[in-house]
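Presented below is the structure to which this report refers.
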Amino acid sequence: MEPLDLARWQFGITTVYHFLFVPITIGLAFLVAGLQTAWYRTQQPKYLRLTKYFGKLFLINFALGLVTGIVQEFQFGMNWSDYSRFVGDIFGAPLAIEGLLAFFLESTFLGLWIFGWDRLSPKLHLATIWIAATGTLLSAYFILAANSFMQNPVGYEYNPATGRAELVDFAAVLTNKVTLVTFPHTIFGAFMTAGALVLGVSLWNLVRRPDRDPDAFRTSGRMASIVLLVAALGVAASGDQQAKVMTDVQPMKMAAAEAQYETRDHASFSIFSIGTPDGSEETFSLRVPGMLSFLAEGDWNATVEGIDNLQSGYELMYGPGDYTPNIALTYWTFRFMIGIGMLATLPALWLLWCTRKGRPLCVRRFALPVAIALPLLPLLANSFGWIFTEMGRQPWIVFGLMPTSAGVSPTVSAGEVLTSMIGFTLIYGLLAVIEVRLLLKTIKGGLPELPQPATDDTDGGNPTDPGAGPDNDDRELAFAY
């Protein structure tokens, strides 16, 4: 294979792998903060136990996400040096702010949260997890701003003397219309992912160990179900807006998502289709009339340009070449993103119905397999969404400015890229085993027991404080988790 193909495979593998951790980190940070807030306001022990339980899952995921995320930036220099030279002035700015501001914000206050249980006041300790959670949002925004420039380049000028795109309006980069619709869509997807994880873990505990903390897991399951359903509505609404912006800046991606070769009014959307892989010939399809027009323009009778017409226009604009992405991959990832994501809402509706009005969970045969599979559904939907977003932009690495083939490092050989790709893949495989084993061990361990209040509270400490007691100053230091 050519270095370009291998470099694309490596970036795809490492990016999709890293993004498995990102939505869990973002969503779970806020769910843990919500549980701790509930404990702070009610002082009910179940909320504190749930906070520590899901907080440990959050920390495991955060650590693995941090390790895998570092590799992403190294790849720009290793395999995509020409791309880095061309847009480094623009692409590097939001990445630098993300590292210096957002990441340090979340890591610093997360450290205070981990080690501050018996050293900070309850209110201040609660504030640390909310600040850390806010840091994850800022990180996501700056990363998405960088990626959105690749989808819709703004705020730059091309310098023919240096052959580089140079930043002239950073505010335009941060307020890119692609960023403004992609950010809420991504965050709602993160809350769906975290909600599915908490719901799946809660459901597993309720089914496998119905006599062990049923009230606590019923509470966390209902909370997660509500979060998942509200987030699903947000994903649908923001996805609708994102589709319209996508049609405006990258009409070829929308045409490829439907494998529509001819320009049509009242364009239909196929839920399922059978035909040639590239969609040029169709033998059977299940269609919704006018749906593609509504997705693209907000009008059931609007005109949606086809692939052939767009290809001709791009040839006139950019010169001879194939400006069509992989149709089969784009078509199916778009549907998998929508279908698998919405499938995750069914267990949430079922659990809320079964546990309404204080009722215990009505266990069914399918409950345990659903609990195991549920956390994977939004993860798959997120992955398919990113594959669609990045593959639908091809053959551009920066849409309209730089083809992907021009961004690869010119001095990197296929053997070098293959060696690093195999190395990263093996390391990531090992990390996956570690991650899964740690998560399963924590989940199976159940809710942590809280320390009993000291019998002699002569130091005036808070009896709910793990460090309360007369010998608090001399006790052995212990890690909170």
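Here's how to read the names in the structure tokens: chain A, B, ... by the order shown, residue numbers from 1 in each chain, ligand numbers from 1 in the order shown.
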Discussion item. Give me, as a VMD selection string, all polymer residues having an atom no more than 10 Å from range 221-229 of chain A, counting only C-alpha atoms and skipping those fewer than 3 positions away in the same chain.
Written reply: chain A and resid 27 31 34 to 35 188 to 206 215 to 218 232 to 235 342 344 to 353 355 to 356 378
Would you output that residue set with N, CA and C atoms, as a short mmCIF file (atom, residue, chain, number, x, y, z; two decimals), in the first residue's frame?
data_model
loop_
_atom_site.label_atom_id
_atom_site.label_comp_id
_atom_site.auth_asym_id
_atom_site.auth_seq_id
_atom_site.Cartn_x
_atom_site.Cartn_y
_atom_site.Cartn_z
N GLY A 27 -19.75 13.25 29.22
CA GLY A 27 -21.06 13.02 29.81
C GLY A 27 -20.99 12.53 31.25
N LEU A 31 -22.65 13.72 34.98
CA LEU A 31 -23.52 12.84 35.75
C LEU A 31 -22.97 12.62 37.16
N GLY A 34 -23.65 15.67 39.06
CA GLY A 34 -25.05 15.72 39.45
C GLY A 34 -25.34 14.84 40.65
N LEU A 35 -24.74 13.64 40.69
CA LEU A 35 -24.93 12.75 41.83
C LEU A 35 -24.34 13.35 43.10
N PHE A 188 -24.55 16.50 23.07
CA PHE A 188 -25.74 15.68 23.31
C PHE A 188 -25.42 14.20 23.10
N GLY A 189 -24.60 13.91 22.09
CA GLY A 189 -24.17 12.53 21.89
C GLY A 189 -23.37 12.00 23.06
N ALA A 190 -22.57 12.87 23.67
CA ALA A 190 -21.79 12.47 24.85
C ALA A 190 -22.71 12.14 26.03
N PHE A 191 -23.75 12.94 26.22
CA PHE A 191 -24.69 12.66 27.30
C PHE A 191 -25.48 11.38 27.03
N MET A 192 -25.78 11.11 25.77
CA MET A 192 -26.41 9.83 25.45
C MET A 192 -25.50 8.67 25.81
N THR A 193 -24.21 8.80 25.49
CA THR A 193 -23.25 7.73 25.76
C THR A 193 -23.10 7.49 27.24
N ALA A 194 -22.91 8.56 28.01
CA ALA A 194 -22.76 8.42 29.46
C ALA A 194 -24.05 7.90 30.09
N GLY A 195 -25.19 8.39 29.62
CA GLY A 195 -26.46 7.91 30.14
C GLY A 195 -26.65 6.43 29.88
N ALA A 196 -26.26 5.97 28.69
CA ALA A 196 -26.37 4.54 28.37
C ALA A 196 -25.45 3.71 29.24
N LEU A 197 -24.25 4.22 29.53
CA LEU A 197 -23.32 3.49 30.39
C LEU A 197 -23.88 3.36 31.81
N VAL A 198 -24.33 4.46 32.38
CA VAL A 198 -24.87 4.43 33.75
C VAL A 198 -26.12 3.56 33.79
N LEU A 199 -26.97 3.67 32.78
CA LEU A 199 -28.18 2.85 32.74
C LEU A 199 -27.83 1.38 32.61
N GLY A 200 -26.88 1.04 31.74
CA GLY A 200 -26.50 -0.35 31.56
C GLY A 200 -25.92 -0.94 32.84
N VAL A 201 -25.04 -0.19 33.51
CA VAL A 201 -24.44 -0.67 34.76
C VAL A 201 -25.51 -0.82 35.84
N SER A 202 -26.41 0.16 35.94
CA SER A 202 -27.48 0.09 36.94
C SER A 202 -28.39 -1.10 36.67
N LEU A 203 -28.75 -1.29 35.41
CA LEU A 203 -29.63 -2.40 35.05
C LEU A 203 -28.97 -3.74 35.33
N TRP A 204 -27.68 -3.84 35.03
CA TRP A 204 -26.94 -5.09 35.30
C TRP A 204 -26.97 -5.41 36.79
N ASN A 205 -26.75 -4.42 37.62
CA ASN A 205 -26.77 -4.65 39.06
C ASN A 205 -28.16 -5.03 39.55
N LEU A 206 -29.19 -4.40 39.00
CA LEU A 206 -30.55 -4.72 39.41
C LEU A 206 -30.96 -6.13 39.01
N ASP A 215 -32.34 0.17 45.77
CA ASP A 215 -32.85 1.55 45.75
C ASP A 215 -31.87 2.50 45.08
N ALA A 216 -30.57 2.32 45.37
CA ALA A 216 -29.56 3.19 44.79
C ALA A 216 -29.49 3.00 43.28
N PHE A 217 -29.46 1.76 42.81
CA PHE A 217 -29.34 1.52 41.37
C PHE A 217 -30.65 1.82 40.64
N ARG A 218 -31.76 1.71 41.32
CA ARG A 218 -33.02 2.16 40.71
C ARG A 218 -32.97 3.66 40.49
N ALA A 232 -31.16 12.34 23.58
CA ALA A 232 -31.55 11.83 22.26
C ALA A 232 -32.36 12.87 21.50
N LEU A 233 -33.25 13.57 22.20
CA LEU A 233 -34.00 14.65 21.55
C LEU A 233 -33.05 15.76 21.10
N GLY A 234 -32.06 16.07 21.94
CA GLY A 234 -31.07 17.07 21.56
C GLY A 234 -30.25 16.65 20.36
N VAL A 235 -29.88 15.37 20.32
CA VAL A 235 -29.13 14.85 19.17
C VAL A 235 -29.94 14.99 17.89
N MET A 342 -30.51 5.85 18.01
CA MET A 342 -31.90 5.91 18.48
C MET A 342 -32.34 4.60 19.13
N ALA A 344 -30.80 3.01 21.30
CA ALA A 344 -30.45 3.07 22.72
C ALA A 344 -31.55 3.68 23.58
N THR A 345 -32.51 4.36 22.98
CA THR A 345 -33.57 5.00 23.76
C THR A 345 -34.61 3.99 24.25
N LEU A 346 -34.72 2.84 23.58
CA LEU A 346 -35.76 1.88 23.94
C LEU A 346 -35.60 1.32 25.35
N PRO A 347 -34.39 0.89 25.76
CA PRO A 347 -34.24 0.42 27.16
C PRO A 347 -34.55 1.50 28.18
N ALA A 348 -34.24 2.75 27.85
CA ALA A 348 -34.53 3.84 28.79
C ALA A 348 -36.03 3.99 28.98
N LEU A 349 -36.78 3.94 27.90
CA LEU A 349 -38.23 4.04 28.00
C LEU A 349 -38.80 2.86 28.79
N TRP A 350 -38.26 1.66 28.53
CA TRP A 350 -38.74 0.47 29.22
C TRP A 350 -38.48 0.56 30.72
N LEU A 351 -37.28 0.99 31.13
CA LEU A 351 -36.97 1.05 32.55
C LEU A 351 -37.83 2.10 33.26
N LEU A 352 -38.03 3.25 32.63
CA LEU A 352 -38.87 4.28 33.25
C LEU A 352 -40.31 3.78 33.43
N TRP A 353 -40.79 3.03 32.45
CA TRP A 353 -42.15 2.51 32.54
C TRP A 353 -42.25 1.44 33.64
N THR A 355 -40.44 1.06 36.31
CA THR A 355 -40.17 1.55 37.67
C THR A 355 -41.02 2.76 38.03
N ARG A 356 -42.09 3.02 37.29
CA ARG A 356 -42.93 4.19 37.56
C ARG A 356 -43.63 4.03 38.90
N PRO A 378 -24.51 3.80 21.80
CA PRO A 378 -24.10 5.17 21.47
C PRO A 378 -22.63 5.27 21.06
#
Worksheet item: Which residues in range 43-287 of chain A does DSSP call strand (DSSP E)? List them as a PyMOL selection string.
Response: chain A and resi 156-159+164-167+264-265+269-275+282-287
Show me, as an mmCIF file with N, CA and C atoms, in the first residue's frame, the residues that have an atom within 7 Å of Glu166 in chain A when counting only C-alpha atoms, minus same-chain residues fewer than 5 positions from it.
data_model
loop_
_atom_site.group_PDB
_atom_site.id
_atom_site.type_symbol
_atom_site.label_atom_id
_atom_site.label_comp_id
_atom_site.auth_asym_id
_atom_site.auth_seq_id
_atom_site.Cartn_x
_atom_site.Cartn_y
_atom_site.Cartn_z
ATOM 1 N N ASP A 89 -0.710 27.448 11.218
ATOM 2 C CA ASP A 89 -0.969 28.765 11.804
ATOM 3 C C ASP A 89 -2.400 28.876 12.318
ATOM 4 N N ILE A 90 -3.321 28.141 11.684
ATOM 5 C CA ILE A 90 -4.737 28.200 12.054
ATOM 6 C C ILE A 90 -5.111 27.023 12.943
ATOM 7 N N TYR A 156 -9.057 32.993 7.385
ATOM 8 C CA TYR A 156 -7.683 32.818 6.917
ATOM 9 C C TYR A 156 -7.458 33.605 5.625
ATOM 10 N N GLU A 157 -6.205 33.766 5.293
ATOM 11 C CA GLU A 157 -5.791 34.271 3.981
ATOM 12 C C GLU A 157 -4.658 33.398 3.475
ATOM 13 N N TYR A 158 -4.668 33.131 2.181
ATOM 14 C CA TYR A 158 -3.603 32.327 1.591
ATOM 15 C C TYR A 158 -2.440 33.235 1.208
ATOM 16 N N ASN A 159 -1.246 32.905 1.685
ATOM 17 C CA ASN A 159 -0.035 33.662 1.388
ATOM 18 C C ASN A 159 0.739 32.936 0.299
#
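CA of Leu450 in chain A lies 16.1 Å from CA of Ile114 in chain A.
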Proximity of range 74-115 of chain A to range 1-12 of chain A: per-residue shortest pair, 9 Å limit, only C-alpha atoms, as CSV:
residue,atom,partner,partner_atom,distance
A:Gln75,CA,A:Phe11,CA,7.4
A:Asn79,CA,A:Ala7,CA,6.1
A:Trp80,CA,A:Ala7,CA,8.0
Discussion item. Give me the residues near Ala256 in chain A as a VMD selection string, where near means some atom within 8 Å (using only C-alpha atoms) and where sequence neighbours in that chain fewer than 2 positions away do not count.
Written reply: chain A and resid 252 to 254 258 to 260 307 324 to 327 330 to 331 392
Discussion item. Which of range 215-365 of chain A end up as alpha helix (DSSP H) when DSSP is run on this backbone - answer as a PyMOL selection string?
Written reply: chain A and resi 215-249+251-258+291-297+307-318+327-343+345-354
Fill in: Among the residues A:Ile187, A:Leu57, A:Leu50, A:Ile338, the one that comes closest to Ile26 in chain A [using only C-alpha atoms]
A:Ile187
Discussion item. Show me, as an MDAnalysis selection string, the residues that have an atom within 12 Å of range 289-302 of chain A when counting only C-alpha atoms, minus same-chain residues fewer than 5 positions from it.
Written reply: chainID A and resid 236:260 263:271
Output C-alpha atoms of each residue in that selection to a file, as a short mmCIF file (atom, residue, chain, number, x, y, z; two decimals), in the first residue's frame.
data_model
loop_
_atom_site.label_atom_id
_atom_site.label_comp_id
_atom_site.auth_asym_id
_atom_site.auth_seq_id
_atom_site.Cartn_x
_atom_site.Cartn_y
_atom_site.Cartn_z
CA ALA A 236 -32.08 14.74 16.77
CA ALA A 237 -32.69 18.51 16.87
CA SER A 238 -29.02 19.49 16.57
CA GLY A 239 -28.46 16.83 13.91
CA ASP A 240 -31.23 18.38 11.83
CA GLN A 241 -29.49 21.77 12.00
CA GLN A 242 -26.13 20.17 11.28
CA ALA A 243 -27.51 18.51 8.14
CA LYS A 244 -28.65 21.87 6.79
CA VAL A 245 -25.30 23.52 7.45
CA MET A 246 -23.55 20.51 5.92
CA THR A 247 -25.66 20.86 2.78
CA ASP A 248 -24.67 24.51 2.57
CA VAL A 249 -20.89 24.03 2.94
CA GLN A 250 -20.46 20.47 1.60
CA PRO A 251 -23.39 19.58 -0.67
CA MET A 252 -21.48 16.58 -2.03
CA LYS A 253 -21.54 14.98 1.45
CA MET A 254 -25.33 15.22 1.63
CA ALA A 255 -25.74 13.82 -1.88
CA ALA A 256 -23.37 10.96 -1.02
CA ALA A 257 -25.29 10.25 2.20
CA GLU A 258 -28.28 9.33 0.01
CA ALA A 259 -26.29 8.04 -2.99
CA GLN A 260 -28.31 10.51 -5.07
CA THR A 263 -30.59 16.50 -8.87
CA ARG A 264 -34.15 16.15 -7.58
CA ASP A 265 -37.01 18.17 -6.17
CA HIS A 266 -38.95 16.62 -3.29
CA ALA A 267 -36.01 14.25 -2.80
CA SER A 268 -36.79 11.14 -0.80
CA PHE A 269 -34.66 9.52 1.91
CA SER A 270 -34.07 5.77 1.81
CA ILE A 271 -34.17 4.07 5.20
#
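If you look at CA of Pro153 in chain A and CA of Lys177 in chain A, they are 10.4 Å away from each other.
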Worksheet entry | Gly111 in chain A surroundings by only C-alpha atoms, 10 Å radius, close-in-sequence under 4 positions cut, as a VMD selection string | chain A and resid 106 to 107 115 to 116 128 to 129 132
